[in-house]
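Colleague: Structure supplied as query.pdb; contents: PDB, C-alpha atoms.
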ATOM      1  CA  MET A   1      -9.611   0.408  30.089  1.00  0.00           C
ATOM      2  CA  ASN A   2     -11.536   0.543  26.817  1.00  0.00           C
ATOM      3  CA  ALA A   3     -11.313   4.328  26.806  1.00  0.00           C
ATOM      4  CA  LYS A   4      -7.539   4.125  27.290  1.00  0.00           C
ATOM      5  CA  ILE A   5      -7.186   1.632  24.441  1.00  0.00           C
ATOM      6  CA  ILE A   6      -9.294   3.787  22.119  1.00  0.00           C
ATOM      7  CA  ALA A   7      -7.249   6.861  23.038  1.00  0.00           C
ATOM      8  CA  PHE A   8      -4.011   4.965  22.403  1.00  0.00           C
ATOM      9  CA  LEU A   9      -5.190   3.698  18.998  1.00  0.00           C
ATOM     10  CA  ASN A  10      -6.376   7.167  18.016  1.00  0.00           C
ATOM     11  CA  THR A  11      -3.068   8.751  19.033  1.00  0.00           C
ATOM     12  CA  TYR A  12      -0.837   6.235  17.259  1.00  0.00           C
ATOM     13  CA  LYS A  13      -3.118   5.165  14.390  1.00  0.00           C
ATOM     14  CA  TYR A  14      -0.752   6.407  11.679  1.00  0.00           C
ATOM     15  CA  LEU A  15       2.205   4.646  13.258  1.00  0.00           C
ATOM     16  CA  ILE A  16       0.214   1.416  13.658  1.00  0.00           C
ATOM     17  CA  ALA A  17      -0.987   1.577  10.036  1.00  0.00           C
ATOM     18  CA  MET A  18       2.536   2.283   8.761  1.00  0.00           C
ATOM     19  CA  ILE A  19       4.039  -0.626  10.711  1.00  0.00           C
ATOM     20  CA  SER A  20       1.310  -2.968   9.443  1.00  0.00           C
ATOM     21  CA  VAL A  21       1.958  -2.069   5.792  1.00  0.00           C
ATOM     22  CA  LEU A  22       5.726  -2.382   6.207  1.00  0.00           C
ATOM     23  CA  ASN A  23       5.137  -5.735   7.880  1.00  0.00           C
ATOM     24  CA  PHE A  24       2.994  -6.772   4.890  1.00  0.00           C
ATOM     25  CA  LEU A  25       5.820  -5.871   2.505  1.00  0.00           C
ATOM     26  CA  LEU A  26       8.073  -8.237   4.476  1.00  0.00           C
ATOM     27  CA  THR A  27       5.699 -11.188   3.979  1.00  0.00           C
ATOM     28  CA  PRO A  28       8.179 -13.325   1.953  1.00  0.00           C
ATOM     29  CA  LEU A  29      10.734 -12.906   4.737  1.00  0.00           C
ATOM     30  CA  HIS A  30       8.193 -13.951   7.372  1.00  0.00           C
ATOM     31  CA  ALA A  31       7.199 -17.018   5.372  1.00  0.00           C
ATOM     32  CA  SER A  32      10.806 -18.170   4.925  1.00  0.00           C
ATOM     33  CA  ILE A  33      11.802 -17.581   8.558  1.00  0.00           C
ATOM     34  CA  GLN A  34       8.682 -19.154  10.088  1.00  0.00           C
ATOM     35  CA  GLY A  35       8.498 -21.933   7.507  1.00  0.00           C
ATOM     36  CA  VAL A  36       4.803 -21.394   6.813  1.00  0.00           C
ATOM     37  CA  ASN A  37       2.867 -21.383   3.575  1.00  0.00           C
ATOM     38  CA  VAL A  38       3.079 -18.018   1.806  1.00  0.00           C
ATOM     39  CA  ALA A  39      -0.717 -17.991   1.510  1.00  0.00           C
ATOM     40  CA  TYR A  40      -1.149 -18.024   5.291  1.00  0.00           C
ATOM     41  CA  ALA A  41       1.440 -15.271   5.750  1.00  0.00           C
ATOM     42  CA  VAL A  42      -0.216 -13.116   3.074  1.00  0.00           C
ATOM     43  CA  VAL A  43      -3.705 -13.514   4.538  1.00  0.00           C
ATOM     44  CA  ILE A  44      -2.554 -12.814   8.121  1.00  0.00           C
ATOM     45  CA  ASN A  45      -0.457  -9.771   7.202  1.00  0.00           C
ATOM     46  CA  TYR A  46      -3.115  -8.410   4.838  1.00  0.00           C
ATOM     47  CA  THR A  47      -5.680  -8.734   7.627  1.00  0.00           C
ATOM     48  CA  LEU A  48      -3.424  -6.684   9.891  1.00  0.00           C
ATOM     49  CA  VAL A  49      -3.126  -4.020   7.175  1.00  0.00           C
ATOM     50  CA  ILE A  50      -6.915  -3.811   6.835  1.00  0.00           C
ATOM     51  CA  LEU A  51      -7.504  -3.575  10.589  1.00  0.00           C
ATOM     52  CA  ALA A  52      -4.690  -1.074  11.169  1.00  0.00           C
ATOM     53  CA  SER A  53      -5.392   1.138   8.150  1.00  0.00           C
ATOM     54  CA  SER A  54      -9.079   1.237   9.035  1.00  0.00           C
ATOM     55  CA  LEU A  55      -8.117   3.062  12.227  1.00  0.00           C
ATOM     56  CA  ILE A  56      -7.646   6.242  10.185  1.00  0.00           C
ATOM     57  CA  ALA A  57     -11.339   6.176   9.222  1.00  0.00           C
ATOM     58  CA  SER A  58     -13.252   9.026  10.850  1.00  0.00           C
ATOM     59  CA  SER A  59     -16.595   7.234  11.177  1.00  0.00           C
ATOM     60  CA  THR A  60     -18.114   3.795  11.593  1.00  0.00           C
ATOM     61  CA  GLY A  61     -19.510   3.887   8.059  1.00  0.00           C
ATOM     62  CA  THR A  62     -16.149   4.507   6.410  1.00  0.00           C
ATOM     63  CA  ARG A  63     -14.572   1.829   8.554  1.00  0.00           C
ATOM     64  CA  ILE A  64     -17.245  -0.709   7.562  1.00  0.00           C
ATOM     65  CA  ARG A  65     -16.650   0.063   3.867  1.00  0.00           C
ATOM     66  CA  ALA A  66     -12.931  -0.525   4.380  1.00  0.00           C
ATOM     67  CA  TYR A  67     -13.658  -3.843   6.107  1.00  0.00           C
ATOM     68  CA  PHE A  68     -15.991  -4.870   3.279  1.00  0.00           C
ATOM     69  CA  LEU A  69     -13.389  -4.210   0.591  1.00  0.00           C
ATOM     70  CA  GLY A  70     -10.777  -5.913   2.748  1.00  0.00           C
ATOM     71  CA  VAL A  71     -12.862  -9.059   3.134  1.00  0.00           C
ATOM     72  CA  LEU A  72     -13.326  -9.234  -0.647  1.00  0.00           C
ATOM     73  CA  VAL A  73      -9.558  -9.002  -1.112  1.00  0.00           C
ATOM     74  CA  LEU A  74      -8.872 -11.676   1.503  1.00  0.00           C
ATOM     75  CA  ILE A  75     -11.408 -14.059  -0.041  1.00  0.00           C
ATOM     76  CA  SER A  76      -9.912 -13.567  -3.501  1.00  0.00           C
ATOM     77  CA  ILE A  77      -6.368 -14.120  -2.166  1.00  0.00           C
ATOM     78  CA  TRP A  78      -7.416 -17.336  -0.442  1.00  0.00           C
ATOM     79  CA  ILE A  79      -9.215 -18.644  -3.538  1.00  0.00           C
ATOM     80  CA  GLU A  80      -6.268 -17.720  -5.741  1.00  0.00           C
ATOM     81  CA  PHE A  81      -3.825 -19.678  -3.588  1.00  0.00           C
ATOM     82  CA  SER A  82      -6.233 -22.615  -3.167  1.00  0.00           C
ATOM     83  CA  ASN A  83      -7.145 -22.840  -6.864  1.00  0.00           C
ATOM     84  CA  PRO A  84      -4.222 -21.594  -9.011  1.00  0.00           C
ATOM     85  CA  SER A  85      -6.008 -22.769 -12.159  1.00  0.00           C
ATOM     86  CA  MET A  86      -8.869 -20.325 -11.577  1.00  0.00           C
ATOM     87  CA  GLU A  87      -7.386 -17.469 -13.608  1.00  0.00           C
ATOM     88  CA  MET A  88     -10.383 -15.118 -13.384  1.00  0.00           C
ATOM     89  CA  ILE A  89      -9.989 -14.675  -9.631  1.00  0.00           C
ATOM     90  CA  LYS A  90      -6.721 -12.775 -10.095  1.00  0.00           C
ATOM     91  CA  PRO A  91      -8.216  -9.737 -11.898  1.00  0.00           C
ATOM     92  CA  PHE A  92     -10.901  -9.608  -9.190  1.00  0.00           C
ATOM     93  CA  ARG A  93      -8.195  -9.601  -6.523  1.00  0.00           C
ATOM     94  CA  LEU A  94      -6.261  -6.869  -8.346  1.00  0.00           C
ATOM     95  CA  ILE A  95      -9.333  -4.665  -8.791  1.00  0.00           C
ATOM     96  CA  THR A  96     -10.504  -5.003  -5.185  1.00  0.00           C
ATOM     97  CA  SER A  97      -6.946  -4.444  -3.907  1.00  0.00           C
ATOM     98  CA  ALA A  98      -6.632  -1.253  -5.947  1.00  0.00           C
ATOM     99  CA  LEU A  99     -10.008  -0.021  -4.695  1.00  0.00           C
ATOM    100  CA  LEU A 100      -9.041  -0.809  -1.103  1.00  0.00           C
ATOM    101  CA  PHE A 101      -5.768   1.116  -1.164  1.00  0.00           C
ATOM    102  CA  PHE A 102      -7.285   4.008  -3.103  1.00  0.00           C
ATOM    103  CA  TYR A 103      -9.909   4.148  -0.362  1.00  0.00           C
ATOM    104  CA  PHE A 104      -7.197   4.160   2.296  1.00  0.00           C
ATOM    105  CA  CYS A 105      -5.542   7.077   0.459  1.00  0.00           C
ATOM    106  CA  ILE A 106      -8.820   9.012   0.438  1.00  0.00           C
ATOM    107  CA  LEU A 107      -9.319   8.411   4.165  1.00  0.00           C
ATOM    108  CA  LEU A 108      -5.740   9.475   4.820  1.00  0.00           C
ATOM    109  CA  LEU A 109      -6.057  12.703   2.811  1.00  0.00           C
ATOM    110  CA  LYS A 110      -9.241  13.646   4.666  1.00  0.00           C
ATOM    111  CA  GLN A 111      -7.499  13.116   7.991  1.00  0.00           C
ATOM    112  CA  LEU A 112      -4.366  15.035   7.025  1.00  0.00           C
ATOM    113  CA  ARG A 113      -6.408  18.045   5.898  1.00  0.00           C
ATOM    114  CA  SER A 114      -7.683  18.466   9.454  1.00  0.00           C
ATOM    115  CA  ILE A 115      -4.205  18.568  11.018  1.00  0.00           C
ATOM    116  CA  LYS A 116      -3.300  22.170  11.822  1.00  0.00           C
ATOM    117  CA  GLU A 117       0.023  21.712  13.622  1.00  0.00           C
ATOM    118  CA  ILE A 118       3.271  19.832  13.267  1.00  0.00           C
ATOM    119  CA  ASN A 119       2.909  16.676  15.339  1.00  0.00           C
ATOM    120  CA  LEU A 120       3.388  12.919  15.041  1.00  0.00           C
ATOM    121  CA  PRO A 121       0.363  12.364  12.752  1.00  0.00           C
ATOM    122  CA  PHE A 122       1.513  15.210  10.494  1.00  0.00           C
ATOM    123  CA  ILE A 123       4.899  13.511  10.066  1.00  0.00           C
ATOM    124  CA  LEU A 124       3.768   9.884   9.805  1.00  0.00           C
ATOM    125  CA  GLY A 125       0.702  10.538   7.629  1.00  0.00           C
ATOM    126  CA  PRO A 126       2.637  11.522   4.484  1.00  0.00           C
ATOM    127  CA  ILE A 127       5.049   8.611   4.989  1.00  0.00           C
ATOM    128  CA  LEU A 128       2.089   6.241   5.142  1.00  0.00           C
ATOM    129  CA  GLY A 129       0.692   7.836   1.980  1.00  0.00           C
ATOM    130  CA  PHE A 130       4.005   7.251   0.188  1.00  0.00           C
ATOM    131  CA  ILE A 131       3.893   3.562   1.147  1.00  0.00           C
ATOM    132  CA  TYR A 132       0.286   3.314  -0.078  1.00  0.00           C
ATOM    133  CA  LEU A 133       1.453   4.844  -3.371  1.00  0.00           C
ATOM    134  CA  GLY A 134       4.089   2.125  -3.722  1.00  0.00           C
ATOM    135  CA  VAL A 135       1.542  -0.620  -3.079  1.00  0.00           C
ATOM    136  CA  ILE A 136      -0.872   0.852  -5.637  1.00  0.00           C
ATOM    137  CA  GLY A 137       1.962   1.000  -8.166  1.00  0.00           C
ATOM    138  CA  GLY A 138       2.704  -2.665  -7.510  1.00  0.00           C
ATOM    139  CA  ILE A 139      -0.940  -3.521  -8.176  1.00  0.00           C
ATOM    140  CA  PHE A 140      -0.780  -1.676 -11.504  1.00  0.00           C
ATOM    141  CA  PHE A 141       2.447  -3.436 -12.513  1.00  0.00           C
ATOM    142  CA  GLU A 142       1.052  -6.830 -11.572  1.00  0.00           C
ATOM    143  CA  SER A 143      -2.074  -6.038 -13.610  1.00  0.00           C
ATOM    144  CA  ILE A 144       0.027  -5.154 -16.653  1.00  0.00           C
ATOM    145  CA  HIS A 145       1.949  -8.408 -16.311  1.00  0.00           C
ATOM    146  CA  PHE A 146      -1.321 -10.334 -16.036  1.00  0.00           C
ATOM    147  CA  ILE A 147      -2.587  -8.764 -19.262  1.00  0.00           C
ATOM    148  CA  ASP A 148       0.744  -9.160 -21.069  1.00  0.00           C
ATOM    149  CA  PRO A 149       3.276 -11.586 -19.494  1.00  0.00           C
ATOM    150  CA  SER A 150       5.990 -10.222 -21.815  1.00  0.00           C
ATOM    151  CA  ALA A 151       5.608  -6.637 -20.514  1.00  0.00           C
ATOM    152  CA  PHE A 152       8.613  -6.953 -18.186  1.00  0.00           C
ATOM    153  CA  HIS A 153      12.018  -8.555 -18.371  1.00  0.00           C
ATOM    154  CA  ILE A 154      12.651 -10.053 -14.953  1.00  0.00           C
ATOM    155  CA  ARG A 155      15.857 -11.675 -13.790  1.00  0.00           C
ATOM    156  CA  GLY A 156      15.327 -14.606 -11.479  1.00  0.00           C
ATOM    157  CA  HIS A 157      12.109 -15.970 -10.008  1.00  0.00           C
ATOM    158  CA  VAL A 158       8.857 -14.339 -11.120  1.00  0.00           C
ATOM    159  CA  SER A 159       6.152 -13.834  -8.491  1.00  0.00           C
ATOM    160  CA  GLY A 160       3.544 -11.233  -7.649  1.00  0.00           C
ATOM    161  CA  TYR A 161       5.863  -9.750  -5.038  1.00  0.00           C
ATOM    162  CA  VAL A 162       8.481  -8.614  -7.574  1.00  0.00           C
ATOM    163  CA  PHE A 163       6.064  -6.014  -8.983  1.00  0.00           C
ATOM    164  CA  TYR A 164       5.675  -4.348  -5.585  1.00  0.00           C
ATOM    165  CA  TYR A 165       9.429  -4.409  -5.206  1.00  0.00           C
ATOM    166  CA  PHE A 166       9.725  -2.801  -8.656  1.00  0.00           C
ATOM    167  CA  SER A 167       7.129  -0.199  -7.730  1.00  0.00           C
ATOM    168  CA  PHE A 168       9.072   1.007  -4.707  1.00  0.00           C
ATOM    169  CA  ILE A 169      12.418   1.139  -6.478  1.00  0.00           C
ATOM    170  CA  SER A 170      10.643   3.099  -9.225  1.00  0.00           C
ATOM    171  CA  ILE A 171       9.075   5.783  -7.019  1.00  0.00           C
ATOM    172  CA  THR A 172      12.400   6.155  -5.201  1.00  0.00           C
ATOM    173  CA  THR A 173      14.236   6.246  -8.590  1.00  0.00           C
ATOM    174  CA  VAL A 174      16.738   3.621  -7.434  1.00  0.00           C
ATOM    175  CA  GLY A 175      16.530   1.372 -10.500  1.00  0.00           C
ATOM    176  CA  TYR A 176      18.715  -1.685  -9.947  1.00  0.00           C
ATOM    177  CA  GLY A 177      18.091  -2.963 -13.470  1.00  0.00           C
ATOM    178  CA  ASP A 178      16.911  -6.441 -12.442  1.00  0.00           C
ATOM    179  CA  ILE A 179      13.393  -5.633 -13.674  1.00  0.00           C
ATOM    180  CA  THR A 180      12.930  -3.775 -16.954  1.00  0.00           C
ATOM    181  CA  PRO A 181       9.665  -2.625 -18.549  1.00  0.00           C
ATOM    182  CA  ILE A 182       9.646  -3.846 -22.154  1.00  0.00           C
ATOM    183  CA  THR A 183       6.327  -2.827 -23.682  1.00  0.00           C
ATOM    184  CA  GLU A 184       5.248   0.773 -24.148  1.00  0.00           C
ATOM    185  CA  GLN A 185       2.348   0.281 -21.738  1.00  0.00           C
ATOM    186  CA  ALA A 186       4.674  -0.908 -18.968  1.00  0.00           C
ATOM    187  CA  GLN A 187       7.122   1.898 -19.711  1.00  0.00           C
ATOM    188  CA  ALA A 188       4.310   4.475 -19.593  1.00  0.00           C
ATOM    189  CA  ILE A 189       3.096   3.326 -16.159  1.00  0.00           C
ATOM    190  CA  THR A 190       6.680   3.267 -14.884  1.00  0.00           C
ATOM    191  CA  LEU A 191       7.268   6.793 -16.172  1.00  0.00           C
ATOM    192  CA  VAL A 192       4.067   8.144 -14.606  1.00  0.00           C
ATOM    193  CA  LEU A 193       4.834   6.468 -11.277  1.00  0.00           C
ATOM    194  CA  ASN A 194       8.348   7.929 -11.258  1.00  0.00           C
ATOM    195  CA  ILE A 195       6.957  11.415 -11.836  1.00  0.00           C
ATOM    196  CA  ILE A 196       4.240  11.029  -9.195  1.00  0.00           C
ATOM    197  CA  GLY A 197       6.787   9.747  -6.676  1.00  0.00           C
ATOM    198  CA  GLN A 198       9.073  12.744  -7.170  1.00  0.00           C
ATOM    199  CA  PHE A 199       6.249  15.289  -7.116  1.00  0.00           C
ATOM    200  CA  TYR A 200       4.811  13.635  -4.016  1.00  0.00           C
ATOM    201  CA  LEU A 201       8.084  14.088  -2.145  1.00  0.00           C
ATOM    202  CA  ALA A 202       8.442  17.679  -3.344  1.00  0.00           C
ATOM    203  CA  ILE A 203       4.883  18.590  -2.351  1.00  0.00           C
ATOM    204  CA  VAL A 204       5.129  16.935   1.069  1.00  0.00           C
ATOM    205  CA  ILE A 205       8.388  18.725   1.829  1.00  0.00           C
ATOM    206  CA  SER A 206       6.995  22.100   0.692  1.00  0.00           C
ATOM    207  CA  VAL A 207       3.838  21.664   2.790  1.00  0.00           C
ATOM    208  CA  PHE A 208       5.887  20.657   5.825  1.00  0.00           C
ATOM    209  CA  VAL A 209       8.235  23.638   5.460  1.00  0.00           C
ATOM    210  CA  GLY A 210       5.322  26.011   4.802  1.00  0.00           C
ATOM    211  CA  LYS A 211       3.436  24.905   7.900  1.00  0.00           C
ATOM    212  CA  TYR A 212       6.624  25.118   9.973  1.00  0.00           C
ATOM    213  CA  ILE A 213       7.221  28.700   8.790  1.00  0.00           C
ATOM    214  CA  ASN A 214       3.618  29.677   9.527  1.00  0.00           C
ATOM    215  CA  LEU A 215       3.902  28.371  13.061  1.00  0.00           C
ATOM    216  CA  LYS A 216       7.106  30.321  13.623  1.00  0.00           C
ATOM    217  CA  THR A 217       5.692  33.642  12.378  1.00  0.00           C
TER     218      THR A 217
END
Let me see the structure of the file written as structure tokens.
Modeller:
Amino acid sequence: MNAKIIAFLNTYKYLIAMISVLNFLLTPLHASIQGVNVAYAVVINYTLVILASSLIASSTGTRIRAYFLGVLVLISIWIEFSNPSMEMIKPFRLITSALLFFYFCILLLKQLRSIKEINLPFILGPILGFIYLGVIGGIFFESIHFIDPSAFHIRGHVSGYVFYYFSFISITTVGYGDITPITEQAQAITLVLNIIGQFYLAIVISVFVGKYINLKT
């Protein structure tokens, strides 16, 4: 049974990781539907992201490092919600979160380099990487807002979640106009993220087409 479970997790690890991150992005919806404290929903969903994304690690050592960073993030999130007046915990949470998702990106790139054929991991891996990129962008935007609260003009309620929302509409170049970068620093990060998002899509498509052509010839 254990061997079957391990084989299943190894086969669908990219799908499981992708679902966990998408589920994490829906945290506000979960909290409102279930009527639970946002802090509990964040911690639970973040834990699922850490466990699921760690499946793409190729060794026990890399997985332990991912767990270690994840635990640091979870502790900082819990302290931040429990003690809102403790302002210095937020930069710690932002730094550890950025390190965690950068580490996930590194693990993902190493795994994708070993894929030699077009299969489910080859398709889902780049999609997962794009979602990681959006989360990292949200961390950067939230960091800018922490340093300078006037960096963005935001319509409606201001929370940490809006910066992740802004990150994804930036890399997809949707731009609804409800969040506007005001300072040059915020505009610079937005510009860079827009460029990276477009180049990412172009590179992924070219690699996919190139590998498909090679398999056909």
Colleague: Considering only C-alpha atoms, can you say which of A:Ala186, A:Ala41, A:Ile205, A:Val21 comes closest to Tyr132 in chain A?
Modeller: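 Of A:Ala186, A:Ala41, A:Ile205, A:Val21, the one nearest Tyr132 in chain A is A:Val21, counting only C-alpha atoms.
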Colleague: Around all listed atoms of range 43-58 of chain A, padded 4 Å per side, what centre and edge lengths does the axis-aligned box have in Å to one decimal, as lines of an AutoDock Vina configuration file?
Modeller:
center_x = -6.9
center_y = -2.2
center_z = 8.4
size_x = 20.8
size_y = 30.5
size_z = 15.7
Colleague: Going by the chain IDs and residue numbers used in this file, which residues fall under the PyMOL selection byres ((chain A and resi 136) around 12)? Write them as a ChimeraX atom specification.
Modeller: /A:94-105,129-135,137-143,163-168,171,189,193,196-197
Colleague: Given all atoms listed in the file as the basis, pick out the residue of A:Ile64, A:Ile6, A:Met88, A:Ile144 nearest to Ala188 in chain A.
Modeller: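 Between A:Ile64, A:Ile6, A:Met88, A:Ile144, the residue approaching Ala188 in chain A most closely is A:Ile144.
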Colleague: So what do you get for CA of Met86 in chain A versus CA of Pro28 in chain A, distance-wise?
Modeller: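 We find that CA of Met86 in chain A and CA of Pro28 in chain A lie 22.9 Å from each other.
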Colleague: Find, counting only C-alpha atoms, the residue in A:Thr60, A:Ser159, A:Asn10, A:Ser150 that gets nearest to Glu184 in chain A.
Modeller: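 Among the listed residues, A:Ser150 lies closest to Glu184 in chain A.
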Colleague: Could you list the residues chosen by the PyMOL selection byres ((chain A and resi 18) around 12) in this structure as a VMD selection string?
Modeller: chain A and resid 12 to 17 19 to 25 48 to 56 104 108 121 123 to 132
Colleague: Any idea what the distance is between CA of Val73 in chain A and CA of Arg93 in chain A?
Modeller: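 It comes out at 5.6 Å.
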Colleague: Smallest atom-to-atom distance to Ile106 in chain A: which of A:Thr183, A:Thr173, A:Thr62, A:Asn37, using all atoms listed in the file?
Modeller: A:Thr62
Colleague: What separation in Å, quoted to one decimal, exists between CA of Ser76 in chain A and CA of Gly61 in chain A?
Modeller: 23.0 Å
Colleague: In terms of the shortest atom-to-atom distance over all atoms listed in the file, which of A:Ile182, A:Leu120, A:Leu201, A:Ala31 is closest to His153 in chain A?
Modeller: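 Comparing A:Ile182, A:Leu120, A:Leu201, A:Ala31 against His153 in chain A, the winner is A:Ile182.
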Colleague: When distances are computed from all atoms listed in the file, which of A:Leu109, A:Ala39, A:Val207, A:Ala202 shows the smallest separation from Pro84 in chain A?
Modeller: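 Checking each candidate against Pro84 in chain A, we get A:Ala39 as the closest.
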